[in-house]
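J.: Quick one: the structure is below, questions incoming.
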Amino acid sequence: MRGILRQVRGRLALAVALQAAGALAGVVPFIAVARIAVHLTDGSPALGEELWPLVTLACLSGLAALLLGSAAGLVSHLADNDLQLALRRRLAGHTGRLPLGWITSKGAGEIKRAVQDDVHALHTLVAHTLLDVTAVLTAPLLALAYLFTLDWRLALLSALPLALGAYLFSRAMAGAAARMAEYGAALGRISSAAVEFSNGIAVVKTFGRSRQVHERFLAATDGFSDFFTSWVRTTLVTSTAALLVVSPAVVLLLLVVVGAVFVTGGWTSAADLVPFVLLGPAVAAPMGVVGPRIQQIRAGQAAATRISALLDTPLLPSSATPAVPRGSRVSMREVSFSYDGRTDVLSGIDLDLEPGTVTALVGPSGSGKSTLAALLPRFHDVTAGAVTIGGADVRDIPAADLYRHVGFVLQDVRLLRASVADNIRLGRPSAGDDQVERAARAAQIHDRITELPAGYATEVTTGVSFSGGERQRLSIARALLADAPVLVLDEATAYADPYCEALIQDALSTLAAGRTLLVIAHRLATVRHADRIVVLDGGRIVEQGNHVDLLAAEGRYARLWRAQEAAQAGTTSTVHDSPAASPERTSR
Ligand code: ADP
């Protein structure tokens with residue numbers, strides 16, 4: 001938190017000082033009124049002399065309070081503006097250099113939250129909450145100090161509701177952090193049950209399981225309701241009591257009743273009681289305001305922690321000896337990789353991908369296909385060994401050069417809020433319209449684009465919906481236009497429509513021409529023409545060769561192939577052993 005606010009610390013201190021001065025000036029008119037009221041009640045002849053000076057003082061200090069408060073707001077907003085700009089720039093700069101593997105696995109949501117929501121939470125804290133809290137804490141101090149100069153016993157009495165309110169409020173807030181965490185978790189359970197229910201509604205209904213899923217949703221909402229009721233029940237009494245004791249009616253009642261006892265006992269005069277009645281409620285008021293602000297302060301702190309964590313996420317180290325690939329031959333030597341630094345997801349991988357060939361990666365779900373493929377565009381750095389492209393270690397290739405050499409088409413295609421043409425042009429912004437169209441035709445997506453209301457100029461917004469297969473073909477058009485000599489492709493399986501599948505296959509063969517292509521294959525049938533098929537299991541290469549050789553070898557691949565053929569012929573065979581037939585996650 002401090003680290004993040006360091007650059008605006010000076011200006012925030014100035015804003016707080018201005019606000020404190022403004023809040024103090026804001027109390028002066030009340031003191032003036034109290035003095036006038038005292039003179040009125042005791043009928044003192046000094047009123048005539050003091051009236052106008054007191055009125056002038058009240059007006060001037062009221063004006064000063066206004067000016068100082070506005071100045072404080074101005075300073076804090078300007079500081080906040082600079083802070084937001086600097087933070088967003090730092091976040092953009094940093095996230096732009098984070099490993100792509102980090103971003104694809106969890107980053108997009110976290111980055112959005114930091115850049116958007118967390119920076120906004122800091123705005124509330126820096127520009128508003130800080131000054132509000134300053135104001136409500138300083139004003140009562142002056143009021144109380146003034147009351148002490150009049151009668152210390154009644155002044156103590158005026159401070160009593162504040163002390164009691166603070167005590168009750170701290171009791172109500174005890175354990176709030178843990179409860180807030182539980183609150184978030186309970187809400188999370190409801191939303192995942194709701195998502196499960198609505199996303200899978202067709203499947204759920206088809207298999208007649210709606211009751212179970214529905215019950216899961218109901219259980220989540222019931223759980224939340226129980227938790228919330230018990231939370232509210234335990235805190236409601238104390239927090240209501242806290243608000244009650246600081247409420248003006250209760251404070252006034254206390255002062256008037258005890259004051260009346262003082263007056264009848266002859267310990268003070270009725271006139272001397274007037275300032276306490278006027279200023280007493282103001283002394284207790286901050287409790288009612290600071291309480292709700294505590295939540296904003298906590299949210300601001302949590303936001304600052306998340307922003308710092310994101311800014312501290314390690315970048316991929318950049319090389320002291322940059323190198324540029326010569327050619328498009330890819331080699332992996334003794335490559336191991338681990339996500340958590342303990343268990344190897346890949347080990348001892350030796351693999352060469354020759355230019356102009358297609359290599360298919362097959363293997364059961366979780367065997368490491370996506371992880372292996374992601375090492376080429378350096379989504380992660382290897383734990384041991386090396387990946388080279390055109391003789392250069394990918395760790396030595398500057399990012400811009402690397403992405404010129406390695407393109408990737410993933411299953412989960414992101415489209416930007418821009419025209420369709422600009423979405424295709426992403427890999428080469430200078431490309432002309434005719435080049436864009438040529439790429440779209442080769443990727444079998446041209447016809448679909450011309451059906452759109454404004455053709456290539458149609459904005460990709462929520463109004464335009466491309467199917468998964470269409471998105472993948474758009475992404476293939478992107479890759480064709482970007483023309484990277486090495487291409488990693490995660491074959492789409494999610495789109496079962498055979499027409500779409502055939503279009504994607506056509507688009508892929510265009511893509512393969514003259515490139516070094518690595519395909520993560522989820523179905524064996526689509527890779528039988530690949531130059532080489534690499535079978536992965538448990539993060540190791542267990543077999544490799546072309547389709548014919550692998551079948552002849554009667555090894556793992558041959559078994560899988562036969563199992564799949566049998567499955568397609570309608571027999572209930574051991575399909576689940578098949579690397580290609582098993583339902584794949586789109587793991588990254
Ligand atoms: P495949 O593509 O063959 O299905 P993956 O490369 O996705 O296999 O996964 C290999 C292993 O690595 C699996 O055990 C998977 O759970 C794990 N894994 C994949 N992605 C991550 C990640 N981002 N963080 C941690 N573990 C991961």
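The way I read the labels, and the way they are meant: chains A, B, ... in the order of the structure tokens, residue 1 as the first residue of every chain, and ligand 1 as the first ligand shown, with later ones counted on from there.
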Give the strand (DSSP E) residues of range 93-335 of chain A, as assigned by DSSP on the backbone, as a PyMOL selection string.
T.: chain A and resi 330-335
J.: Can those selected residues be exported to a file as a PDB file, in the first residue's frame so that it contains C-alpha atoms?
T.:
```pdb
ATOM      1  CA  VAL A 330      12.978 -26.316 -34.268  1.00  0.00           C
ATOM      2  CA  SER A 331      14.970 -28.454 -31.844  1.00  0.00           C
ATOM      3  CA  MET A 332      14.241 -29.543 -28.325  1.00  0.00           C
ATOM      4  CA  ARG A 333      17.132 -31.029 -26.392  1.00  0.00           C
ATOM      5  CA  GLU A 334      16.714 -32.800 -23.052  1.00  0.00           C
ATOM      6  CA  VAL A 335      13.761 -30.575 -22.279  1.00  0.00           C
TER       7      VAL A 335
END
```
J.: Could you list, as a list in words, every residue within 12 Å of Leu74 in chain A, counting only C-alpha atoms and ignoring same-chain residues fewer than 3 positions away?
T.: Arg11, Leu12, Leu14, Ala15, Val16, Leu18, Gln19, Leu67, Leu68, Gly69, Ser70, Ala71, His77, Leu78, Ala79, Asp80, Asn81, Val126, Ala127, His128 and Leu131 of chain A
J.: May I have the residues from that selection written out with N, CA, C and O atoms, as a PDB file, in the first residue's frame?
T.:
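Final output, result.pdb:
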```
ATOM      1  N   ARG A  11       1.503  15.095  -1.738  1.00  0.00           N
ATOM      2  CA  ARG A  11       0.263  15.802  -2.057  1.00  0.00           C
ATOM      3  C   ARG A  11      -0.897  15.318  -1.202  1.00  0.00           C
ATOM      4  O   ARG A  11      -1.784  16.086  -0.846  1.00  0.00           O
ATOM      5  N   LEU A  12      -0.879  14.039  -0.863  1.00  0.00           N
ATOM      6  CA  LEU A  12      -1.952  13.536   0.013  1.00  0.00           C
ATOM      7  C   LEU A  12      -1.837  14.160   1.396  1.00  0.00           C
ATOM      8  O   LEU A  12      -2.849  14.523   2.011  1.00  0.00           O
ATOM      9  N   LEU A  14      -0.650  17.095   2.022  1.00  0.00           N
ATOM     10  CA  LEU A  14      -1.149  18.467   1.882  1.00  0.00           C
ATOM     11  C   LEU A  14      -2.682  18.476   1.891  1.00  0.00           C
ATOM     12  O   LEU A  14      -3.320  19.299   2.566  1.00  0.00           O
ATOM     13  N   ALA A  15      -3.280  17.529   1.140  1.00  0.00           N
ATOM     14  CA  ALA A  15      -4.746  17.469   1.084  1.00  0.00           C
ATOM     15  C   ALA A  15      -5.334  17.205   2.464  1.00  0.00           C
ATOM     16  O   ALA A  15      -6.326  17.830   2.862  1.00  0.00           O
ATOM     17  N   VAL A  16      -4.697  16.305   3.214  1.00  0.00           N
ATOM     18  CA  VAL A  16      -5.191  15.981   4.558  1.00  0.00           C
ATOM     19  C   VAL A  16      -5.085  17.225   5.453  1.00  0.00           C
ATOM     20  O   VAL A  16      -6.014  17.549   6.201  1.00  0.00           O
ATOM     21  N   LEU A  18      -5.069  20.394   4.526  1.00  0.00           N
ATOM     22  CA  LEU A  18      -6.089  21.375   4.104  1.00  0.00           C
ATOM     23  C   LEU A  18      -7.468  20.966   4.624  1.00  0.00           C
ATOM     24  O   LEU A  18      -8.244  21.789   5.123  1.00  0.00           O
ATOM     25  N   GLN A  19      -7.750  19.670   4.507  1.00  0.00           N
ATOM     26  CA  GLN A  19      -9.062  19.186   4.932  1.00  0.00           C
ATOM     27  C   GLN A  19      -9.231  19.352   6.443  1.00  0.00           C
ATOM     28  O   GLN A  19     -10.302  19.734   6.917  1.00  0.00           O
ATOM     29  N   LEU A  67     -13.695  26.863   1.309  1.00  0.00           N
ATOM     30  CA  LEU A  67     -12.559  26.981   0.396  1.00  0.00           C
ATOM     31  C   LEU A  67     -11.502  25.914   0.684  1.00  0.00           C
ATOM     32  O   LEU A  67     -10.977  25.268  -0.230  1.00  0.00           O
ATOM     33  N   LEU A  68     -11.194  25.732   1.975  1.00  0.00           N
ATOM     34  CA  LEU A  68     -10.165  24.751   2.320  1.00  0.00           C
ATOM     35  C   LEU A  68     -10.594  23.334   1.926  1.00  0.00           C
ATOM     36  O   LEU A  68      -9.799  22.552   1.393  1.00  0.00           O
ATOM     37  N   GLY A  69     -11.888  23.011   2.153  1.00  0.00           N
ATOM     38  CA  GLY A  69     -12.399  21.684   1.793  1.00  0.00           C
ATOM     39  C   GLY A  69     -12.292  21.461   0.290  1.00  0.00           C
ATOM     40  O   GLY A  69     -11.873  20.393  -0.163  1.00  0.00           O
ATOM     41  N   SER A  70     -12.667  22.507  -0.492  1.00  0.00           N
ATOM     42  CA  SER A  70     -12.587  22.345  -1.948  1.00  0.00           C
ATOM     43  C   SER A  70     -11.152  22.188  -2.389  1.00  0.00           C
ATOM     44  O   SER A  70     -10.843  21.374  -3.270  1.00  0.00           O
ATOM     45  N   ALA A  71     -10.255  22.996  -1.777  1.00  0.00           N
ATOM     46  CA  ALA A  71      -8.843  22.896  -2.151  1.00  0.00           C
ATOM     47  C   ALA A  71      -8.328  21.494  -1.846  1.00  0.00           C
ATOM     48  O   ALA A  71      -7.599  20.890  -2.658  1.00  0.00           O
ATOM     49  N   HIS A  77      -7.794  14.924  -5.739  1.00  0.00           N
ATOM     50  CA  HIS A  77      -8.210  14.397  -7.046  1.00  0.00           C
ATOM     51  C   HIS A  77      -7.085  14.496  -8.068  1.00  0.00           C
ATOM     52  O   HIS A  77      -6.923  13.600  -8.899  1.00  0.00           O
ATOM     53  N   LEU A  78      -6.334  15.602  -8.024  1.00  0.00           N
ATOM     54  CA  LEU A  78      -5.219  15.709  -8.971  1.00  0.00           C
ATOM     55  C   LEU A  78      -4.177  14.631  -8.678  1.00  0.00           C
ATOM     56  O   LEU A  78      -3.659  13.986  -9.592  1.00  0.00           O
ATOM     57  N   ALA A  79      -3.907  14.430  -7.374  1.00  0.00           N
ATOM     58  CA  ALA A  79      -2.934  13.390  -7.001  1.00  0.00           C
ATOM     59  C   ALA A  79      -3.444  12.034  -7.461  1.00  0.00           C
ATOM     60  O   ALA A  79      -2.704  11.226  -8.028  1.00  0.00           O
ATOM     61  N   ASP A  80      -4.737  11.800  -7.247  1.00  0.00           N
ATOM     62  CA  ASP A  80      -5.315  10.516  -7.618  1.00  0.00           C
ATOM     63  C   ASP A  80      -5.247  10.295  -9.127  1.00  0.00           C
ATOM     64  O   ASP A  80      -4.977   9.200  -9.610  1.00  0.00           O
ATOM     65  N   ASN A  81      -5.482  11.381  -9.864  1.00  0.00           N
ATOM     66  CA  ASN A  81      -5.425  11.294 -11.320  1.00  0.00           C
ATOM     67  C   ASN A  81      -4.037  10.845 -11.777  1.00  0.00           C
ATOM     68  O   ASN A  81      -3.899   9.931 -12.600  1.00  0.00           O
ATOM     69  N   VAL A 126      -8.196   7.193  -2.088  1.00  0.00           N
ATOM     70  CA  VAL A 126      -7.297   8.353  -2.128  1.00  0.00           C
ATOM     71  C   VAL A 126      -8.079   9.656  -2.280  1.00  0.00           C
ATOM     72  O   VAL A 126      -7.810  10.641  -1.605  1.00  0.00           O
ATOM     73  N   ALA A 127      -9.072   9.661  -3.157  1.00  0.00           N
ATOM     74  CA  ALA A 127      -9.736  10.922  -3.468  1.00  0.00           C
ATOM     75  C   ALA A 127     -10.870  11.235  -2.497  1.00  0.00           C
ATOM     76  O   ALA A 127     -11.210  12.397  -2.315  1.00  0.00           O
ATOM     77  N   HIS A 128     -11.471  10.235  -1.896  1.00  0.00           N
ATOM     78  CA  HIS A 128     -12.650  10.519  -1.067  1.00  0.00           C
ATOM     79  C   HIS A 128     -12.509  10.087   0.386  1.00  0.00           C
ATOM     80  O   HIS A 128     -12.602  10.908   1.291  1.00  0.00           O
ATOM     81  N   LEU A 131     -10.142  11.895   2.921  1.00  0.00           N
ATOM     82  CA  LEU A 131     -10.561  13.235   3.339  1.00  0.00           C
ATOM     83  C   LEU A 131     -11.797  13.176   4.231  1.00  0.00           C
ATOM     84  O   LEU A 131     -11.899  13.925   5.213  1.00  0.00           O
TER      85      LEU A 131
END
```
J.: As a PyMOL selection string, please: every residue in range 231-270 of chain A that a backbone DSSP assignment puts in alpha helix (DSSP H).
T.: chain A and resi 231-245+248-264+270
J.: Given the selection you just returned, output its residues as a file containing N, CA, C and O atoms, formatted as a short mmCIF file (atom, residue, chain, number, x, y, z; two decimals), in the first residue's frame.
T.:
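To be explicit, this is the file written out as part-v2.cif:
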```
data_model
loop_
_atom_site.label_atom_id
_atom_site.label_comp_id
_atom_site.auth_asym_id
_atom_site.auth_seq_id
_atom_site.Cartn_x
_atom_site.Cartn_y
_atom_site.Cartn_z
N TRP A 231 -24.55 -14.35 10.72
CA TRP A 231 -23.65 -13.19 10.77
C TRP A 231 -24.42 -11.94 11.18
O TRP A 231 -24.03 -11.20 12.09
N VAL A 232 -25.52 -11.72 10.48
CA VAL A 232 -26.31 -10.52 10.76
C VAL A 232 -26.82 -10.55 12.20
O VAL A 232 -26.77 -9.55 12.92
N ARG A 233 -27.24 -11.76 12.64
CA ARG A 233 -27.81 -11.84 13.98
C ARG A 233 -26.76 -11.44 15.03
O ARG A 233 -27.04 -10.69 15.94
N THR A 234 -25.53 -11.93 14.85
CA THR A 234 -24.52 -11.64 15.88
C THR A 234 -24.06 -10.18 15.83
O THR A 234 -23.76 -9.60 16.87
N THR A 235 -24.01 -9.61 14.63
CA THR A 235 -23.47 -8.23 14.58
C THR A 235 -24.57 -7.19 14.66
O THR A 235 -24.30 -6.04 15.03
N LEU A 236 -25.77 -7.60 14.31
CA LEU A 236 -26.84 -6.59 14.22
C LEU A 236 -27.05 -5.86 15.55
O LEU A 236 -27.11 -4.63 15.59
N VAL A 237 -27.10 -6.63 16.63
CA VAL A 237 -27.40 -6.02 17.93
C VAL A 237 -26.32 -5.02 18.31
O VAL A 237 -26.61 -3.85 18.63
N THR A 238 -25.04 -5.46 18.21
CA THR A 238 -23.97 -4.55 18.63
C THR A 238 -23.84 -3.35 17.70
O THR A 238 -23.64 -2.22 18.15
N SER A 239 -23.96 -3.58 16.36
CA SER A 239 -23.77 -2.43 15.49
C SER A 239 -24.94 -1.46 15.59
O SER A 239 -24.77 -0.25 15.51
N THR A 240 -26.15 -2.00 15.82
CA THR A 240 -27.29 -1.09 16.00
C THR A 240 -27.11 -0.29 17.30
O THR A 240 -27.34 0.92 17.33
N ALA A 241 -26.64 -0.98 18.34
CA ALA A 241 -26.41 -0.29 19.61
C ALA A 241 -25.37 0.81 19.42
O ALA A 241 -25.52 1.93 19.94
N ALA A 242 -24.32 0.50 18.63
CA ALA A 242 -23.27 1.50 18.39
C ALA A 242 -23.85 2.74 17.71
O ALA A 242 -23.58 3.88 18.11
N LEU A 243 -24.68 2.50 16.68
CA LEU A 243 -25.27 3.64 15.96
C LEU A 243 -26.25 4.40 16.85
O LEU A 243 -26.37 5.63 16.76
N LEU A 244 -26.92 3.65 17.71
CA LEU A 244 -27.94 4.27 18.58
C LEU A 244 -27.29 5.22 19.58
O LEU A 244 -27.74 6.37 19.74
N VAL A 245 -26.21 4.76 20.23
CA VAL A 245 -25.63 5.62 21.29
C VAL A 245 -25.03 6.89 20.73
O VAL A 245 -24.89 7.87 21.46
N PRO A 248 -27.97 11.66 17.39
CA PRO A 248 -28.18 12.97 18.02
C PRO A 248 -29.25 12.92 19.12
O PRO A 248 -29.07 13.53 20.18
N ALA A 249 -30.34 12.16 18.90
CA ALA A 249 -31.43 12.15 19.89
C ALA A 249 -30.93 11.62 21.23
O ALA A 249 -31.19 12.21 22.29
N VAL A 250 -30.18 10.50 21.17
CA VAL A 250 -29.70 9.90 22.41
C VAL A 250 -28.69 10.82 23.11
O VAL A 250 -28.73 11.03 24.33
N VAL A 251 -27.76 11.40 22.30
CA VAL A 251 -26.75 12.29 22.88
C VAL A 251 -27.42 13.50 23.54
O VAL A 251 -27.10 13.89 24.68
N LEU A 252 -28.40 14.08 22.83
CA LEU A 252 -29.10 15.25 23.37
C LEU A 252 -29.83 14.90 24.66
O LEU A 252 -29.78 15.64 25.66
N LEU A 253 -30.49 13.75 24.63
CA LEU A 253 -31.25 13.33 25.80
C LEU A 253 -30.33 13.20 27.02
O LEU A 253 -30.61 13.71 28.11
N LEU A 254 -29.19 12.55 26.76
CA LEU A 254 -28.21 12.35 27.84
C LEU A 254 -27.76 13.70 28.41
O LEU A 254 -27.76 13.94 29.63
N LEU A 255 -27.39 14.62 27.47
CA LEU A 255 -26.88 15.92 27.92
C LEU A 255 -27.95 16.73 28.64
O LEU A 255 -27.67 17.38 29.67
N VAL A 256 -29.17 16.68 28.11
CA VAL A 256 -30.23 17.50 28.70
C VAL A 256 -30.61 16.96 30.08
O VAL A 256 -30.74 17.72 31.05
N VAL A 257 -30.70 15.61 30.17
CA VAL A 257 -31.11 15.04 31.47
C VAL A 257 -30.04 15.30 32.53
O VAL A 257 -30.30 15.86 33.60
N VAL A 258 -28.77 14.94 32.17
CA VAL A 258 -27.70 15.14 33.16
C VAL A 258 -27.51 16.64 33.42
O VAL A 258 -27.30 17.08 34.56
N GLY A 259 -27.63 17.44 32.31
CA GLY A 259 -27.51 18.91 32.44
C GLY A 259 -28.56 19.44 33.40
O GLY A 259 -28.27 20.31 34.25
N ALA A 260 -29.79 18.93 33.27
CA ALA A 260 -30.88 19.39 34.14
C ALA A 260 -30.56 19.09 35.60
O ALA A 260 -30.79 19.92 36.49
N VAL A 261 -29.97 17.90 35.81
CA VAL A 261 -29.57 17.54 37.20
C VAL A 261 -28.53 18.54 37.69
O VAL A 261 -28.59 19.04 38.82
N PHE A 262 -27.55 18.88 36.80
CA PHE A 262 -26.50 19.84 37.17
C PHE A 262 -27.11 21.20 37.51
O PHE A 262 -26.72 21.85 38.48
N VAL A 263 -28.09 21.64 36.67
CA VAL A 263 -28.69 22.97 36.87
C VAL A 263 -29.49 22.99 38.17
O VAL A 263 -29.33 23.90 39.01
N THR A 264 -30.33 21.95 38.38
CA THR A 264 -31.15 21.94 39.62
C THR A 264 -30.25 21.79 40.84
O THR A 264 -30.55 22.30 41.92
N ALA A 270 -28.16 27.33 33.47
CA ALA A 270 -28.84 26.86 32.25
C ALA A 270 -28.15 27.41 31.02
O ALA A 270 -27.99 26.72 30.00
#
```
J.: I'd like the neighbourhood of Leu511 in chain A as a PDB file with N, CA, C and O atoms, in the first residue's frame, where a residue qualifies if any of its atoms comes within 8 Å (using only C-alpha atoms), though same-chain residues fewer than 4 positions away should be ignored.
T.:
```pdb
ATOM      1  N   ILE A 476      -6.892 -18.648 -38.072  1.00  0.00           N
ATOM      2  CA  ILE A 476      -5.998 -19.215 -39.093  1.00  0.00           C
ATOM      3  C   ILE A 476      -5.677 -18.147 -40.152  1.00  0.00           C
ATOM      4  O   ILE A 476      -4.532 -18.000 -40.583  1.00  0.00           O
ATOM      5  N   LEU A 480      -2.099 -16.877 -41.247  1.00  0.00           N
ATOM      6  CA  LEU A 480      -1.645 -16.887 -42.646  1.00  0.00           C
ATOM      7  C   LEU A 480      -1.083 -15.532 -43.024  1.00  0.00           C
ATOM      8  O   LEU A 480      -0.054 -15.423 -43.679  1.00  0.00           O
ATOM      9  N   ALA A 507      -8.359 -25.354 -44.425  1.00  0.00           N
ATOM     10  CA  ALA A 507      -7.601 -24.163 -44.046  1.00  0.00           C
ATOM     11  C   ALA A 507      -6.236 -24.572 -43.509  1.00  0.00           C
ATOM     12  O   ALA A 507      -5.224 -23.937 -43.783  1.00  0.00           O
ATOM     13  N   ARG A 515       5.740 -24.474 -44.140  1.00  0.00           N
ATOM     14  CA  ARG A 515       6.035 -24.034 -42.773  1.00  0.00           C
ATOM     15  C   ARG A 515       6.451 -25.202 -41.905  1.00  0.00           C
ATOM     16  O   ARG A 515       6.245 -26.359 -42.236  1.00  0.00           O
TER      17      ARG A 515
END
```
J.: Go through A:Leu474, A:Ala177, A:Leu550, A:Ile520 and flag the residue nearest ligand 1, using only C-alpha atoms and all ligand atoms for the distances.
T.: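 Closest candidate: A:Ile520.
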J.: Kindly indicate which residue among A:Glu110, A:Asp132, A:Glu543, A:Asp490 lies nearest to ligand 1, using only C-alpha atoms and all ligand atoms for the distances.
T.: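 Selected residue with least distance to ligand 1: A:Asp490.
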J.: For a test of reading the model, state the distance in Å between CA of Val486 in chain A and CA of Asp393 in chain A, rounded to one decimal.
T.: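 Answer for the CA of Val486 in chain A to CA of Asp393 in chain A separation: 14.3 Å.
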J.: Quick one: residues within 9 Å of range 349-361 of chain A, only C-alpha atoms, excluding same-chain residues fewer than 2 positions away - as JSON, numbers by chain?
T.: {"A": [327, 328, 329, 330, 331, 332, 333, 334, 335, 336, 346, 347, 363, 369, 370, 372, 373, 385, 485, 486, 512, 513, 514, 515, 516, 517, 518, 519, 520, 521, 522, 527, 528, 529, 530, 531, 532, 533, 534, 535, 536, 539, 540, 541]}
J.: I'd like the neighbourhood of Leu164 in chain A as an NGL selection string, where a residue qualifies if any of its atoms comes within 9 Å (using only C-alpha atoms), though same-chain residues fewer than 3 positions away should be ignored.
T.: :A and (159-161 or 167-169 or 242 or 245-246)
J.: When distances are computed from only C-alpha atoms, which of A:Val382, A:Leu187, A:Ala374, A:Ile307 shows the smallest separation from Gly341 in chain A?
T.: A:Val382
J.: I need the residue nearest ligand 1 from this list: A:Gly22, A:Gly538, A:Gly3, A:Gly469. Use only C-alpha atoms and all ligand atoms for the distance.
T.: A:Gly538
J.: Would you list the contacts of range 28-38 of chain A as a PyMOL selection string, taking every protein, DNA or RNA residue within 6 Å and counting only C-alpha atoms, but skipping same-chain residues closer than 3 positions in sequence?
T.: chain A and resi 25+41+54+58+271+275
J.: From the list A:Arg448, A:Val548, A:Ala299, A:Gly291, which residue is nearest Ala166 in chain A when using only C-alpha atoms?
T.: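 Smallest distance to Ala166 in chain A is found for A:Gly291.
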J.: For range 424-432 of chain A, please output as a list of chain:residue names all residues within 10 Å (counting only C-alpha atoms; exclusion window: fewer than 6 positions along the same chain).
T.: A:Tyr403, A:Arg404, A:Gly407, A:Leu415, A:Leu416, A:Ala418, A:Ala439, A:Ala440, A:Tyr456, A:Leu474, A:Ser475, A:Ile476, A:Ala477, A:Arg478, A:Ala479, A:Leu480, A:Leu481, A:Ala482, A:Asp483, A:Ala484
J.: Return the single residue from A:Ala13, A:Leu489, A:Ala92, A:Ala23 that is closest to ligand 1, with distances computed using only C-alpha atoms and all ligand atoms.
T.: A:Leu489
